[in-house]
>>> print(open('structure30.cif').read())   # mmCIF, C-alpha atoms and all ligand atoms
data_upload
#
loop_
_atom_site.group_PDB
_atom_site.id
_atom_site.type_symbol
_atom_site.label_atom_id
_atom_site.label_comp_id
_atom_site.auth_asym_id
_atom_site.auth_seq_id
_atom_site.Cartn_x
_atom_site.Cartn_y
_atom_site.Cartn_z
ATOM 1 C CA MET A 1 7.453 129.553 -22.380
ATOM 2 C CA ASN A 2 9.653 130.334 -19.436
ATOM 3 C CA THR A 3 11.693 127.197 -18.831
ATOM 4 C CA PHE A 4 11.361 127.380 -15.069
ATOM 5 C CA TRP A 5 7.613 127.744 -15.299
ATOM 6 C CA PHE A 6 7.410 124.847 -17.729
ATOM 7 C CA ARG A 7 9.444 122.627 -15.426
ATOM 8 C CA TYR A 8 7.374 123.669 -12.466
ATOM 9 C CA ARG A 9 4.156 122.798 -14.257
ATOM 10 C CA LEU A 10 5.610 119.503 -15.437
ATOM 11 C CA PHE A 11 6.668 118.726 -11.876
ATOM 12 C CA VAL A 12 3.209 119.492 -10.537
ATOM 13 C CA LEU A 13 1.634 117.406 -13.265
ATOM 14 C CA LEU A 14 3.868 114.409 -12.644
ATOM 15 C CA ALA A 15 3.592 114.714 -8.886
ATOM 16 C CA PHE A 16 -0.144 114.328 -9.064
ATOM 17 C CA VAL A 17 -0.396 111.728 -11.784
ATOM 18 C CA PRO A 18 -0.308 108.771 -9.366
ATOM 19 C CA LEU A 19 -3.290 110.164 -7.463
ATOM 20 C CA TYR A 20 -5.387 110.506 -10.583
ATOM 21 C CA ALA A 21 -4.156 107.187 -11.940
ATOM 22 C CA MET A 22 -4.918 105.185 -8.791
ATOM 23 C CA ALA A 23 -7.864 102.954 -9.515
ATOM 24 C CA GLU A 24 -10.636 102.346 -7.024
ATOM 25 C CA PRO A 25 -9.783 99.216 -4.961
ATOM 26 C CA PRO A 26 -11.777 96.163 -6.069
ATOM 27 C CA PHE A 27 -12.917 95.234 -2.554
ATOM 28 C CA GLY A 28 -14.157 96.968 0.593
ATOM 29 C CA GLY A 29 -12.335 94.608 2.946
ATOM 30 C CA THR A 30 -10.622 91.368 2.006
ATOM 31 C CA ALA A 31 -11.876 89.215 4.909
ATOM 32 C CA PHE A 32 -15.263 88.904 3.180
ATOM 33 C CA VAL A 33 -14.071 88.370 -0.402
ATOM 34 C CA ASP A 34 -13.875 84.569 -0.403
ATOM 35 C CA PRO A 35 -15.093 82.345 2.475
ATOM 36 C CA ASN A 36 -13.135 79.345 1.146
ATOM 37 C CA ILE A 37 -9.533 80.411 1.737
ATOM 38 C CA VAL A 38 -9.680 78.348 4.944
ATOM 39 C CA VAL A 39 -12.787 76.283 5.754
ATOM 40 C CA ALA A 40 -14.001 74.619 8.951
ATOM 41 C CA THR A 41 -12.908 71.135 7.878
ATOM 42 C CA ASP A 42 -9.283 72.130 7.185
ATOM 43 C CA PRO A 43 -6.731 70.487 9.507
ATOM 44 C CA SER A 44 -5.321 72.233 12.572
ATOM 45 C CA VAL A 45 -1.897 71.836 14.173
ATOM 46 C CA PHE A 46 -3.617 71.979 17.582
ATOM 47 C CA GLY A 47 -5.530 69.066 19.126
ATOM 48 C CA GLN A 48 -7.088 68.986 22.579
ATOM 49 C CA VAL A 49 -6.547 71.902 24.967
ATOM 50 C CA ILE A 50 -5.324 71.180 28.488
ATOM 51 C CA GLY A 51 -6.851 73.004 31.468
ATOM 52 C CA LYS A 52 -4.425 75.043 33.596
ATOM 53 C CA GLY A 53 -6.856 76.359 36.204
ATOM 54 C CA GLN A 54 -7.511 80.067 36.650
ATOM 55 C CA GLY A 55 -5.002 82.919 36.665
ATOM 56 C CA MET A 56 -4.868 86.696 36.401
ATOM 57 C CA ARG A 57 -4.248 87.983 32.882
ATOM 58 C CA THR A 58 -4.309 91.544 31.548
ATOM 59 C CA VAL A 59 -6.285 91.563 28.315
ATOM 60 C CA PHE A 60 -7.990 94.051 26.025
ATOM 61 C CA ASP A 61 -11.790 94.245 25.997
ATOM 62 C CA ARG A 62 -13.601 96.284 23.335
ATOM 63 C CA ARG A 63 -16.645 96.710 25.562
ATOM 64 C CA THR A 64 -14.575 99.044 27.725
ATOM 65 C CA ASN A 65 -11.979 99.827 25.047
ATOM 66 C CA ALA A 66 -9.288 99.234 27.632
ATOM 67 C CA PHE A 67 -6.882 96.671 29.002
ATOM 68 C CA GLY A 68 -8.025 95.117 32.262
ATOM 69 C CA ALA A 69 -7.130 92.206 34.527
ATOM 70 C CA ILE A 70 -9.390 89.150 34.551
ATOM 71 C CA ASN A 71 -9.141 85.932 36.559
ATOM 72 C CA ALA A 72 -9.170 83.921 33.340
ATOM 73 C CA TYR A 73 -9.839 80.256 32.810
ATOM 74 C CA LEU A 74 -6.562 79.143 31.227
ATOM 75 C CA PHE A 75 -5.955 76.389 28.702
ATOM 76 C CA GLU A 76 -2.903 75.404 26.726
ATOM 77 C CA ALA A 77 -2.231 73.454 23.575
ATOM 78 C CA THR A 78 0.974 72.338 21.882
ATOM 79 C CA GLY A 79 0.928 72.160 18.106
ATOM 80 C CA SER A 80 2.164 69.275 15.988
ATOM 81 C CA ASP A 81 4.880 71.714 14.847
ATOM 82 C CA GLY A 82 5.902 72.502 18.442
ATOM 83 C CA SER A 83 4.105 75.850 18.698
ATOM 84 C CA LEU A 84 2.389 76.783 21.952
ATOM 85 C CA ILE A 85 -0.837 78.681 22.555
ATOM 86 C CA GLU A 86 -2.573 79.855 25.735
ATOM 87 C CA ALA A 87 -6.336 80.480 25.798
ATOM 88 C CA GLN A 88 -7.507 83.104 28.316
ATOM 89 C CA ILE A 89 -11.257 82.795 28.784
ATOM 90 C CA ASN A 90 -13.184 85.490 30.635
ATOM 91 C CA PRO A 91 -14.699 84.098 33.886
ATOM 92 C CA GLU A 92 -18.058 85.583 32.783
ATOM 93 C CA PHE A 93 -18.556 82.324 30.854
ATOM 94 C CA GLY A 94 -19.381 80.901 34.279
ATOM 95 C CA SER A 95 -17.756 77.489 34.459
ATOM 96 C CA VAL A 96 -14.604 75.704 33.447
ATOM 97 C CA ASP A 97 -16.633 73.475 31.132
ATOM 98 C CA ALA A 98 -18.175 76.427 29.289
ATOM 99 C CA ALA A 99 -14.731 78.030 29.086
ATOM 100 C CA ARG A 100 -13.220 74.845 27.683
ATOM 101 C CA VAL A 101 -15.681 74.907 24.763
ATOM 102 C CA GLU A 102 -14.530 78.431 23.862
ATOM 103 C CA ALA A 103 -10.858 77.556 24.311
ATOM 104 C CA GLN A 104 -11.132 74.470 22.137
ATOM 105 C CA ARG A 105 -13.028 76.212 19.355
ATOM 106 C CA TYR A 106 -10.605 79.098 18.838
ATOM 107 C CA THR A 107 -7.460 77.089 19.502
ATOM 108 C CA ARG A 108 -8.445 74.807 16.646
ATOM 109 C CA LEU A 109 -9.132 77.823 14.393
ATOM 110 C CA ILE A 110 -5.754 79.379 15.149
ATOM 111 C CA GLY A 111 -4.080 76.076 14.335
ATOM 112 C CA GLN A 112 -5.700 76.126 10.888
ATOM 113 C CA MET A 113 -3.904 79.310 9.912
ATOM 114 C CA PRO A 114 -0.790 79.251 7.758
ATOM 115 C CA TRP A 115 2.406 79.308 9.780
ATOM 116 C CA ALA A 116 3.263 82.902 8.841
ATOM 117 C CA SER A 117 -0.041 84.128 10.286
ATOM 118 C CA ARG A 118 0.339 82.407 13.647
ATOM 119 C CA ARG A 119 4.112 82.594 14.057
ATOM 120 C CA ASN A 120 3.825 85.295 16.727
ATOM 121 C CA VAL A 121 0.406 84.384 18.153
ATOM 122 C CA ARG A 122 1.044 83.157 21.697
ATOM 123 C CA THR A 123 -2.254 83.894 23.490
ATOM 124 C CA PHE A 124 -5.840 84.758 22.834
ATOM 125 C CA ALA A 125 -8.585 86.176 25.037
ATOM 126 C CA VAL A 126 -12.273 85.353 24.694
ATOM 127 C CA HIS A 127 -14.979 87.634 26.080
ATOM 128 C CA GLN A 128 -18.706 87.805 25.570
ATOM 129 C CA GLY A 129 -20.147 90.773 23.654
ATOM 130 C CA ASP A 130 -20.821 91.476 19.984
ATOM 131 C CA GLN A 131 -17.653 93.455 19.280
ATOM 132 C CA ASP A 132 -14.989 93.365 16.565
ATOM 133 C CA PHE A 133 -12.205 90.819 16.919
ATOM 134 C CA GLY A 134 -8.650 92.149 17.145
ATOM 135 C CA GLY A 135 -4.976 91.293 16.872
ATOM 136 C CA ASN A 136 -2.054 92.885 18.672
ATOM 137 C CA ARG A 137 1.644 92.798 17.847
ATOM 138 C CA ASN A 138 2.279 91.718 21.437
ATOM 139 C CA GLY A 139 1.211 88.273 20.170
ATOM 140 C CA SER A 140 -2.395 88.176 21.361
ATOM 141 C CA LEU A 141 -5.714 87.846 19.573
ATOM 142 C CA LEU A 142 -8.971 89.315 20.888
ATOM 143 C CA ILE A 143 -12.252 87.451 20.409
ATOM 144 C CA HIS A 144 -15.753 88.580 21.344
ATOM 145 C CA ALA A 145 -17.833 85.423 21.201
ATOM 146 C CA GLY A 146 -21.062 87.347 20.605
ATOM 147 C CA ARG A 147 -19.752 88.282 17.154
ATOM 148 C CA THR A 148 -18.758 84.791 16.075
ATOM 149 C CA ALA A 149 -22.160 83.716 14.693
ATOM 150 C CA THR A 150 -22.196 86.751 12.382
ATOM 151 C CA TYR A 151 -18.780 85.862 10.964
ATOM 152 C CA VAL A 152 -19.863 82.224 10.570
ATOM 153 C CA ASP A 153 -22.928 83.373 8.598
ATOM 154 C CA PHE A 154 -20.574 85.047 6.131
ATOM 155 C CA GLY A 155 -18.335 81.967 6.107
ATOM 156 C CA ALA A 156 -15.621 84.400 7.120
ATOM 157 C CA LEU A 157 -14.705 83.329 10.673
ATOM 158 C CA GLU A 158 -11.417 81.725 9.543
ATOM 159 C CA GLU A 159 -10.603 84.672 7.268
ATOM 160 C CA ILE A 160 -11.316 87.284 9.973
ATOM 161 C CA LEU A 161 -8.998 85.459 12.368
ATOM 162 C CA ILE A 162 -6.264 85.316 9.718
ATOM 163 C CA HIS A 163 -6.678 89.057 9.168
ATOM 164 C CA GLU A 164 -6.357 89.768 12.902
ATOM 165 C CA ALA A 165 -3.431 87.380 13.235
ATOM 166 C CA GLY A 166 -1.773 89.453 10.522
ATOM 167 C CA HIS A 167 -1.598 92.310 13.021
ATOM 168 C CA ALA A 168 0.010 89.986 15.573
ATOM 169 C CA SER A 169 2.452 88.207 13.270
ATOM 170 C CA LEU A 170 3.030 90.220 10.083
ATOM 171 C CA ASP A 171 2.701 93.972 10.710
ATOM 172 C CA GLU A 172 5.854 94.585 12.692
ATOM 173 C CA ARG A 173 7.948 92.446 10.375
ATOM 174 C CA HIS A 174 6.782 93.957 7.095
ATOM 175 C CA GLU A 175 5.013 97.312 7.437
ATOM 176 C CA ASN A 176 8.210 99.376 7.317
ATOM 177 C CA ALA A 177 10.408 96.963 5.352
ATOM 178 C CA PRO A 178 11.914 98.875 2.412
ATOM 179 C CA ALA A 179 10.957 96.086 -0.011
ATOM 180 C CA TRP A 180 7.346 96.174 1.214
ATOM 181 C CA LEU A 181 7.175 99.947 0.793
ATOM 182 C CA ALA A 182 8.691 99.554 -2.666
ATOM 183 C CA ALA A 183 6.069 96.911 -3.554
ATOM 184 C CA GLN A 184 3.273 99.221 -2.375
ATOM 185 C CA ALA A 185 4.673 102.032 -4.520
ATOM 186 C CA ALA A 186 5.194 99.791 -7.555
ATOM 187 C CA ASP A 187 1.636 98.450 -7.367
ATOM 188 C CA GLY A 188 0.299 101.983 -7.025
ATOM 189 C CA GLU A 189 -3.060 100.619 -5.917
ATOM 190 C CA PHE A 190 -4.636 98.918 -2.919
ATOM 191 C CA ILE A 191 -6.622 95.694 -2.817
ATOM 192 C CA SER A 192 -9.343 97.180 -0.585
ATOM 193 C CA THR A 193 -10.663 100.550 0.470
ATOM 194 C CA TYR A 194 -9.938 99.496 4.063
ATOM 195 C CA ALA A 195 -6.258 99.091 3.144
ATOM 196 C CA ARG A 196 -6.212 102.288 1.086
ATOM 197 C CA ASP A 197 -7.742 104.336 3.887
ATOM 198 C CA ASN A 198 -5.389 102.824 6.516
ATOM 199 C CA PRO A 199 -2.249 102.141 4.453
ATOM 200 C CA THR A 200 0.144 101.777 7.380
ATOM 201 C CA ARG A 201 -2.190 99.901 9.737
ATOM 202 C CA GLU A 202 -4.190 97.571 7.474
ATOM 203 C CA ASP A 203 -2.423 97.044 4.149
ATOM 204 C CA VAL A 204 -0.247 94.105 5.234
ATOM 205 C CA ALA A 205 -3.146 92.195 6.840
ATOM 206 C CA GLU A 206 -5.538 93.036 4.012
ATOM 207 C CA SER A 207 -3.062 92.029 1.298
ATOM 208 C CA TYR A 208 -1.828 88.848 2.996
ATOM 209 C CA LEU A 209 -5.289 87.271 2.986
ATOM 210 C CA MET A 210 -5.465 87.840 -0.774
ATOM 211 C CA TYR A 211 -1.952 86.387 -1.088
ATOM 212 C CA LEU A 212 -3.321 83.196 0.482
ATOM 213 C CA ALA A 213 -6.170 83.277 -2.050
ATOM 214 C CA VAL A 214 -3.741 83.618 -4.959
ATOM 215 C CA ARG A 215 -1.547 80.769 -3.699
ATOM 216 C CA ASP A 216 -4.452 78.504 -2.706
ATOM 217 C CA THR A 217 -3.834 74.917 -3.747
ATOM 218 C CA SER A 218 -7.143 73.422 -2.561
ATOM 219 C CA GLY A 219 -8.899 74.363 -5.785
ATOM 220 C CA ARG A 220 -11.560 76.260 -3.829
ATOM 221 C CA VAL A 221 -10.465 79.764 -4.833
ATOM 222 C CA SER A 222 -11.589 80.805 -8.316
ATOM 223 C CA GLU A 223 -9.051 81.528 -11.039
ATOM 224 C CA SER A 224 -10.853 84.803 -11.724
ATOM 225 C CA LEU A 225 -10.203 86.013 -8.171
ATOM 226 C CA LYS A 226 -6.538 85.011 -8.415
ATOM 227 C CA THR A 227 -6.210 86.875 -11.719
ATOM 228 C CA GLN A 228 -7.932 89.933 -10.305
ATOM 229 C CA VAL A 229 -5.691 90.113 -7.230
ATOM 230 C CA LEU A 230 -2.564 89.621 -9.345
ATOM 231 C CA SER A 231 -3.631 92.462 -11.615
ATOM 232 C CA VAL A 232 -3.972 94.898 -8.687
ATOM 233 C CA ILE A 233 -1.116 94.016 -6.268
ATOM 234 C CA PRO A 234 1.412 91.872 -8.213
ATOM 235 C CA HIS A 235 4.430 93.322 -6.409
ATOM 236 C CA ARG A 236 2.968 92.650 -2.970
ATOM 237 C CA ILE A 237 2.218 89.054 -4.043
ATOM 238 C CA ALA A 238 5.818 88.677 -5.255
ATOM 239 C CA TYR A 239 7.024 90.125 -1.942
ATOM 240 C CA PHE A 240 5.106 87.488 0.044
ATOM 241 C CA ASP A 241 6.412 84.731 -2.267
ATOM 242 C CA VAL A 242 9.961 85.654 -1.293
ATOM 243 C CA GLU A 243 9.092 85.728 2.399
ATOM 244 C CA ARG A 244 7.271 82.391 2.220
ATOM 245 C CA VAL A 245 10.177 80.564 0.618
ATOM 246 C CA LEU A 246 12.835 82.069 2.885
ATOM 247 C CA ASP A 247 10.727 81.342 5.991
ATOM 248 C CA TRP A 248 10.253 77.776 4.777
ATOM 249 C CA ALA A 249 13.995 77.326 4.238
ATOM 250 C CA GLU A 250 14.647 78.475 7.825
ATOM 251 C CA ARG A 251 12.062 76.078 9.242
ATOM 252 C CA THR A 252 13.122 73.146 7.074
ATOM 253 C CA TYR A 253 16.909 73.475 7.336
ATOM 254 C CA PRO A 254 17.483 75.177 10.704
ATOM 255 C CA GLN A 255 21.065 73.868 10.938
ATOM 256 C CA ILE A 256 21.967 75.771 7.771
ATOM 257 C CA PHE A 257 19.655 78.774 7.763
ATOM 258 C CA GLY A 258 19.861 79.835 11.378
ATOM 259 C CA PRO A 259 19.208 81.592 13.587
ATOM 260 C CA ALA A 260 15.659 81.793 12.206
ATOM 261 C CA GLY A 261 13.720 85.005 11.779
ATOM 262 C CA GLN A 262 16.313 86.974 9.808
ATOM 263 C CA SER A 263 15.170 90.100 8.010
ATOM 264 C CA THR A 264 15.180 90.014 4.241
ATOM 265 C CA LEU A 265 17.678 92.519 2.808
ATOM 266 C CA SER A 266 17.798 94.100 -0.630
ATOM 267 C CA LEU A 267 20.561 94.597 -3.129
ATOM 268 C CA THR A 268 19.754 95.903 -6.607
ATOM 269 C CA GLY A 269 17.971 93.041 -8.357
ATOM 270 C CA TYR A 270 18.127 90.715 -5.353
ATOM 271 C CA ARG A 271 16.522 90.062 -2.001
ATOM 272 C CA TYR A 272 18.415 87.871 0.422
ATOM 273 C CA ARG A 273 18.951 86.680 3.971
ATOM 274 C CA SER A 274 22.350 86.130 5.486
ATOM 275 C CA TYR A 275 23.070 83.446 8.106
ATOM 276 C CA ALA A 276 25.764 82.250 10.459
ATOM 277 C CA ASN A 277 28.792 80.542 8.881
ATOM 278 C CA GLY A 278 28.431 82.418 5.590
ATOM 279 C CA HIS A 279 25.238 80.845 4.253
ATOM 280 C CA PHE A 280 23.053 83.047 2.036
ATOM 281 C CA MET A 281 19.688 82.487 0.390
ATOM 282 C CA ALA A 282 18.795 84.960 -2.331
ATOM 283 C CA ILE A 283 16.036 85.657 -4.796
ATOM 284 C CA GLN A 284 17.052 87.078 -8.140
ATOM 285 C CA GLU A 285 14.185 89.416 -8.955
ATOM 286 C CA ALA A 286 14.284 88.608 -12.647
ATOM 287 C CA SER A 287 11.081 87.776 -14.470
ATOM 288 C CA PRO A 288 10.574 84.999 -13.604
ATOM 289 C CA ALA A 289 12.321 85.173 -10.212
ATOM 290 C CA ARG A 290 14.927 82.530 -9.309
ATOM 291 C CA LEU A 291 16.179 81.141 -6.001
ATOM 292 C CA LEU A 292 19.919 81.124 -5.333
ATOM 293 C CA TYR A 293 22.173 79.753 -2.611
ATOM 294 C CA LEU A 294 25.618 81.097 -1.849
ATOM 295 C CA GLY A 295 27.932 79.776 0.835
ATOM 296 C CA PRO A 296 30.148 76.934 1.993
ATOM 297 C CA LEU A 297 27.819 74.277 0.526
ATOM 298 C CA SER A 298 28.504 75.648 -2.971
ATOM 299 C CA ASN A 299 32.168 76.571 -2.511
ATOM 300 C CA ASN A 300 30.999 80.151 -2.135
ATOM 301 C CA THR A 301 29.779 80.438 -5.688
ATOM 302 C CA ALA A 302 26.171 81.269 -6.589
ATOM 303 C CA LEU A 303 24.145 78.071 -6.983
ATOM 304 C CA ASP A 304 20.979 78.459 -9.073
ATOM 305 C CA LEU A 305 18.163 76.488 -7.386
ATOM 306 C CA GLY A 306 15.645 77.149 -10.142
ATOM 307 C CA LEU A 307 12.437 79.099 -10.439
ATOM 308 C CA LEU A 308 11.141 80.693 -7.256
ATOM 309 C CA SER A 309 7.617 79.638 -8.263
ATOM 310 C CA ASN A 310 8.617 75.966 -7.902
ATOM 311 C CA TRP A 311 9.764 76.654 -4.345
ATOM 312 C CA VAL A 312 6.630 78.643 -3.499
ATOM 313 C CA ALA A 313 4.620 75.545 -4.397
ATOM 314 C CA LYS A 314 6.875 73.394 -2.226
ATOM 315 C CA ALA A 315 6.907 75.719 0.807
ATOM 316 C CA ALA A 316 4.123 74.649 3.141
ATOM 317 C CA PRO A 317 1.650 77.401 3.980
HETATM 318 ZN ZN ZN B 1 -7.122 94.942 10.717
#
>>> encode(input="structure30.cif", output="structure tokens")
Amino acid sequence: MNTFWFRYRLFVLLAFVPLYAMAEPPFGGTAFVDPNIVVATDPSVFGQVIGKGQGMRTVFDRRTNAFGAINAYLFEATGSDGSLIEAQINPEFGSVDAARVEAQRYTRLIGQMPWASRRNVRTFAVHQGDQDFGGNRNGSLLIHAGRTATYVDFGALEEILIHEAGHASLDERHENAPAWLAAQAADGEFISTYARDNPTREDVAESYLMYLAVRDTSGRVSESLKTQVLSVIPHRIAYFDVERVLDWAERTYPQIFGPAGQSTLSLTGYRYRSYANGHFMAIQEASPARLLYLGPLSNNTALDLGLLSNWVAKAAP
């Protein structure tokens, strides 16, 4: 056989193998897979909302599919961790008392989310209407109160909000990160058809909810679901483990690992963040992965802090 032709055919064969090999995703959409990832009785960092009167806010509304200005009823809450949220309630609810009920309900729900999901959520708007919820990377969530009862029937209200908060808090940070793209490629599959069909827009939000299922410590998520997710997207789960521990280190030791919000960088076999004054935190991507510190606290030699999995368990959600 002509060598060129053979190579060409081999190339074509190999180039298409991943398409044929990609298995059908196990789920349609991950928000409805397990209603117990967060449940109504879970604690919230937010307590009572405080009324701030009315004010003009420009918010998205799916009934018109457009941004528009409303003279919103405004409420604020400060979380036990210092985070701030503003509720913007459409005046169509008719009274400040009716608006307060909406503000209180969704503020509490947002405060139940893990920190990574709500880290960039600053505001949310509530309208009437039976439309999809939404999340925007500008830091806002969109709620159509006419849809809420349907999500509650599925037990999925908390999970839907976590999915939408993923668009506000996770997409921009991860969707184009080289290590995320590498994890997607290494997994070679998607956790849901929704993620597969919208790989740039939905994969982070879809996968993160299943990450929370895998790392659930309440005992409510079945071992079979955890095993199934780990068999389909193990590299994405490992990616979120690294992010969780490094985020936790920044929040727990801000004097050392600051300023917070550093990007995670890659070096062959390692992922790391670099901080002021020469502090580094690194993950050695061995199997099993290990956490390392390098910097002035260790005389600038690599200090092995043990298995990453121990730190994942320690890092608060
Ligand atoms: Zn989405």
>>> residues_near_ligand(input="structure30.cif", ligand="ligand ZN 1 (chain B)", cutoff="8 Å", atoms="all atoms listed in the file", output="list in words")
Gly134, Gly135, His163, Glu164, Gly166, His167, Arg201, Glu202, Ala205 and Glu206 of chain A
>>> resolve_selection(input="structure30.cif", expression="the PyMOL selection byres (((chain A and resi 255-271) around 8) and not hetatm)", output="count of residues only")
22
>>> closest_residue(input="structure30.cif", among="A:Asn90, A:Gln104, A:Thr200, A:Ser218", to="Phe75 in chain A", atoms="all atoms listed in the file")
A:Gln104
>>> atom_distance(input="structure30.cif", atom1="CA of Pro91 in chain A", atom2="CA of Ala103 in chain A")
12.2 Å
>>> residues_near_point(input="structure30.cif", point="(1.8, 80.6, 16.5)", cutoff="7 Å", atoms="only C-alpha atoms", output="PyMOL selection string")
chain A and resi 83-85+115+118-122
>>> write_last_selection(input="structure30.cif", atoms="C-alpha atoms", output="CSV table (one decimal), in the frame of the given file")
chain,number,residue,atom,x,y,z
A,83,SER,CA,4.1,75.8,18.7
A,84,LEU,CA,2.4,76.8,22.0
A,85,ILE,CA,-0.8,78.7,22.6
A,115,TRP,CA,2.4,79.3,9.8
A,118,ARG,CA,0.3,82.4,13.6
A,119,ARG,CA,4.1,82.6,14.1
A,120,ASN,CA,3.8,85.3,16.7
A,121,VAL,CA,0.4,84.4,18.2
A,122,ARG,CA,1.0,83.2,21.7
>>> residues_around(input="structure30.cif", residues="Val204 in chain A", least_positions_apart="6", cutoff="9 Å", atoms="all atoms listed in the file", output="list in words")
Gly166, His167, Leu170, Asp171, His174, Glu175, Trp180, Ala195 and Arg236 of chain A
>>> resolve_selection(input="structure30.cif", expression="the PyMOL selection byres (((chain A and resi 54) around 8) and not hetatm)", output="PyMOL selection string")
chain A and resi 52-53+55-56+71-74
>>> atom_distance(input="structure30.cif", atom1="CA of Leu161 in chain A", atom2="CA of Ile110 in chain A")
7.4 Å
>>> atom_distance(input="structure30.cif", atom1="CA of Gly111 in chain A", atom2="CA of Glu158 in chain A")
10.4 Å
>>> axis_aligned_box(input="structure30.cif", around="range 247-261 of chain A", padding_each_side="5 Å", output="AutoDock Vina command-line options")
--center_x 16.1 --center_y 79.1 --center_z 8.9 --size_x 21.7 --size_y 21.9 --size_z 19.3
>>> closest_residue(input="structure30.cif", among="A:Tyr208, A:Phe60, A:Phe190, A:Trp248", to="Val232 in chain A", atoms="only C-alpha atoms")
A:Phe190
